[in-house]
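K.L.:
I am sharing final.cif, which consists of mmCIF, C-alpha atoms:
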data_model
loop_
_atom_site.group_PDB
_atom_site.id
_atom_site.type_symbol
_atom_site.label_atom_id
_atom_site.label_comp_id
_atom_site.auth_asym_id
_atom_site.auth_seq_id
_atom_site.Cartn_x
_atom_site.Cartn_y
_atom_site.Cartn_z
ATOM 1 C CA HIS D 5 -23.652 16.165 2.219
ATOM 2 C CA HIS D 6 -22.722 12.457 2.261
ATOM 3 C CA GLU D 7 -19.254 13.201 3.578
ATOM 4 C CA ARG D 8 -20.640 15.136 6.552
ATOM 5 C CA ALA D 9 -23.216 12.421 7.261
ATOM 6 C CA ALA D 10 -20.588 9.682 7.105
ATOM 7 C CA ALA D 11 -18.255 11.630 9.409
ATOM 8 C CA LEU D 12 -21.026 12.212 11.940
ATOM 9 C CA LEU D 13 -22.103 8.560 11.881
ATOM 10 C CA TYR D 14 -18.506 7.468 12.334
ATOM 11 C CA GLU D 15 -18.145 9.816 15.324
ATOM 12 C CA LEU D 16 -21.335 8.312 16.762
ATOM 13 C CA ARG D 17 -19.682 4.880 16.469
ATOM 14 C CA ARG D 18 -22.143 3.709 13.832
ATOM 15 C CA PRO D 19 -19.761 2.340 11.189
ATOM 16 C CA ALA D 20 -22.404 0.345 9.285
ATOM 17 C CA ASP D 21 -24.450 3.523 8.834
ATOM 18 C CA ALA D 22 -21.293 5.461 7.916
ATOM 19 C CA GLU D 23 -20.534 2.787 5.304
ATOM 20 C CA ARG D 24 -23.994 3.271 3.774
ATOM 21 C CA ALA D 25 -23.577 7.054 3.699
ATOM 22 C CA CYS D 26 -20.197 6.682 1.980
ATOM 23 C CA ARG D 27 -21.578 4.247 -0.574
ATOM 24 C CA ASP D 28 -24.491 6.600 -1.282
ATOM 25 C CA GLY D 29 -22.051 9.438 -1.904
ATOM 26 C CA LEU D 30 -19.757 7.283 -4.005
ATOM 27 C CA ALA D 31 -22.688 6.336 -6.236
ATOM 28 C CA ALA D 32 -22.701 9.977 -7.365
ATOM 29 C CA GLU D 33 -18.938 10.629 -7.076
ATOM 30 C CA PRO D 34 -17.112 7.285 -7.378
ATOM 31 C CA ASP D 35 -13.599 8.773 -7.231
ATOM 32 C CA ASP D 36 -14.088 11.079 -4.227
ATOM 33 C CA PRO D 37 -10.941 10.447 -2.145
ATOM 34 C CA ARG D 38 -12.468 11.594 1.154
ATOM 35 C CA LEU D 39 -15.485 9.320 0.768
ATOM 36 C CA LEU D 40 -13.228 6.426 -0.255
ATOM 37 C CA GLY D 41 -11.063 7.004 2.806
ATOM 38 C CA MET D 42 -14.032 7.224 5.132
ATOM 39 C CA LEU D 43 -15.521 4.097 3.545
ATOM 40 C CA ALA D 44 -12.260 2.273 4.198
ATOM 41 C CA GLU D 45 -12.281 3.359 7.844
ATOM 42 C CA ALA D 46 -15.957 2.405 8.294
ATOM 43 C CA LEU D 47 -15.228 -1.028 6.825
ATOM 44 C CA ARG D 48 -12.158 -1.396 9.057
ATOM 45 C CA GLN D 49 -14.239 -0.599 12.118
ATOM 46 C CA GLN D 50 -16.575 -3.446 11.144
ATOM 47 C CA GLY D 51 -13.720 -5.906 10.641
ATOM 48 C CA LYS D 52 -14.226 -6.044 6.856
ATOM 49 C CA LEU D 53 -10.505 -5.750 6.284
ATOM 50 C CA GLY D 54 -10.317 -7.059 2.720
ATOM 51 C CA ALA D 55 -12.953 -4.606 1.517
ATOM 52 C CA ALA D 56 -11.357 -1.852 3.603
ATOM 53 C CA LEU D 57 -7.974 -2.444 1.980
ATOM 54 C CA ALA D 58 -9.522 -2.281 -1.508
ATOM 55 C CA ALA D 59 -11.292 0.996 -0.660
ATOM 56 C CA VAL D 60 -8.190 2.578 0.839
ATOM 57 C CA ARG D 61 -6.111 1.616 -2.194
ATOM 58 C CA ASP D 62 -8.631 3.508 -4.316
ATOM 59 C CA ALA D 63 -8.439 6.455 -1.892
ATOM 60 C CA VAL D 64 -4.639 6.584 -2.093
ATOM 61 C CA ALA D 65 -4.766 6.323 -5.888
ATOM 62 C CA ALA D 66 -7.309 9.169 -6.065
ATOM 63 C CA ALA D 67 -5.341 11.406 -3.672
ATOM 64 C CA PRO D 68 -1.749 10.238 -3.243
ATOM 65 C CA ASP D 69 -0.904 13.149 -0.917
ATOM 66 C CA ASP D 70 -3.860 12.661 1.460
ATOM 67 C CA PRO D 71 -2.453 11.819 4.919
ATOM 68 C CA PHE D 72 -5.798 10.386 6.114
ATOM 69 C CA ALA D 73 -5.757 7.776 3.342
ATOM 70 C CA HIS D 74 -2.186 6.757 4.200
ATOM 71 C CA PHE D 75 -2.945 6.619 7.925
ATOM 72 C CA THR D 76 -6.026 4.490 7.258
ATOM 73 C CA ARG D 77 -4.041 2.161 4.995
ATOM 74 C CA GLY D 78 -1.474 1.651 7.758
ATOM 75 C CA ALA D 79 -4.211 0.966 10.315
ATOM 76 C CA ILE D 80 -5.843 -1.612 8.033
ATOM 77 C CA GLN D 81 -2.521 -3.313 7.343
ATOM 78 C CA HIS D 82 -1.824 -3.366 11.077
ATOM 79 C CA ASP D 83 -5.236 -4.915 11.772
ATOM 80 C CA ARG D 84 -4.489 -7.540 9.109
ATOM 81 C CA LYS D 85 -1.207 -8.206 10.955
ATOM 82 C CA ASP D 86 0.689 -7.213 7.824
ATOM 83 C CA TYR D 87 3.229 -5.266 9.835
ATOM 84 C CA ARG D 88 5.863 -5.115 7.118
ATOM 85 C CA ALA D 89 3.419 -3.399 4.729
ATOM 86 C CA ALA D 90 2.185 -1.107 7.495
ATOM 87 C CA LEU D 91 5.723 0.063 8.223
ATOM 88 C CA ALA D 92 6.589 0.402 4.540
ATOM 89 C CA GLY D 93 3.703 2.800 3.985
#
Show the structure stored in the file as structure tokens.
P.N.:
Amino acid sequence: HHERAAALLYELRRPADAERACRDGLAAEPDDPRLLGMLAEALRQQGKLGAALAAVRDAVAAAPDDPFAHFTRGAIQHDRKDYRAALAG
């Protein structure tokens, strides 16, 4: 439920609302890798790069094989101008 809402809000370019939907879902399932990844992306879209990096680290830890989490981590590192980390993966 929360994952679908967050995805829809993100598609509607409403990252603050997507962040809230992710946080609501994570209150019930704090280790959900998809919600953590979507939270990271919603935070990135708002320029909250430190919080986004923390969320995406949790997403990668929860699902080390999830390509979305790794892509999001690279995008956040790029936005932070941490190009070496972005390339290292």
K.L.:
Which residue out of D:Glu15, D:Asp28, D:Asp35, D:Glu45 has the minimum interatomic distance to Ile80 of chain D when only C-alpha atoms are used?
P.N.:
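Distance minimum relative to Ile80 of chain D lands on D:Glu45.
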K.L.:
Which residues are close to Leu47 of chain D, i.e. within 9 Å by only C-alpha atoms, leaving aside same-chain residues fewer than 5 positions away? Reply as a PyMOL selection string.
P.N.:
chain D and resi 19-20+22-23+42+52-57+59
K.L.:
Create the file for the chosen residues now, containing C-alpha atoms and written as a PDB file, in the frame of the given file.
P.N.:
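The new file out-v4.pdb reads:
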ATOM      1  CA  PRO D  19     -19.761   2.340  11.189  1.00  0.00           C
ATOM      2  CA  ALA D  20     -22.404   0.345   9.285  1.00  0.00           C
ATOM      3  CA  ALA D  22     -21.293   5.461   7.916  1.00  0.00           C
ATOM      4  CA  GLU D  23     -20.534   2.787   5.304  1.00  0.00           C
ATOM      5  CA  MET D  42     -14.032   7.224   5.132  1.00  0.00           C
ATOM      6  CA  LYS D  52     -14.226  -6.044   6.856  1.00  0.00           C
ATOM      7  CA  LEU D  53     -10.505  -5.750   6.284  1.00  0.00           C
ATOM      8  CA  GLY D  54     -10.317  -7.059   2.720  1.00  0.00           C
ATOM      9  CA  ALA D  55     -12.953  -4.606   1.517  1.00  0.00           C
ATOM     10  CA  ALA D  56     -11.357  -1.852   3.603  1.00  0.00           C
ATOM     11  CA  LEU D  57      -7.974  -2.444   1.980  1.00  0.00           C
ATOM     12  CA  ALA D  59     -11.292   0.996  -0.660  1.00  0.00           C
TER      13      ALA D  59
END
K.L.:
Could you work out how far atom CA of Glu7 of chain D lies from atom CA of Ala25 of chain D, giving the answer in Å with one decimal?
P.N.:
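Atom CA of Glu7 of chain D lies 7.5 Å from atom CA of Ala25 of chain D.
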K.L.:
Quick check on the file I pasted: which residues fall under the PyMOL selection byres ((chain D and resi 29) around 12)? Write them as an MDAnalysis selection string.
P.N.:
chainID D and resid 5:10 22:28 30:40 42:43
K.L.:
Closest to Gly41 of chain D among D:Ala92, D:Ala67, D:Leu13, D:Ala73, using all atoms listed in the file?
P.N.:
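Going through D:Ala92, D:Ala67, D:Leu13, D:Ala73 one by one, the smallest distance to Gly41 of chain D is for D:Ala73.
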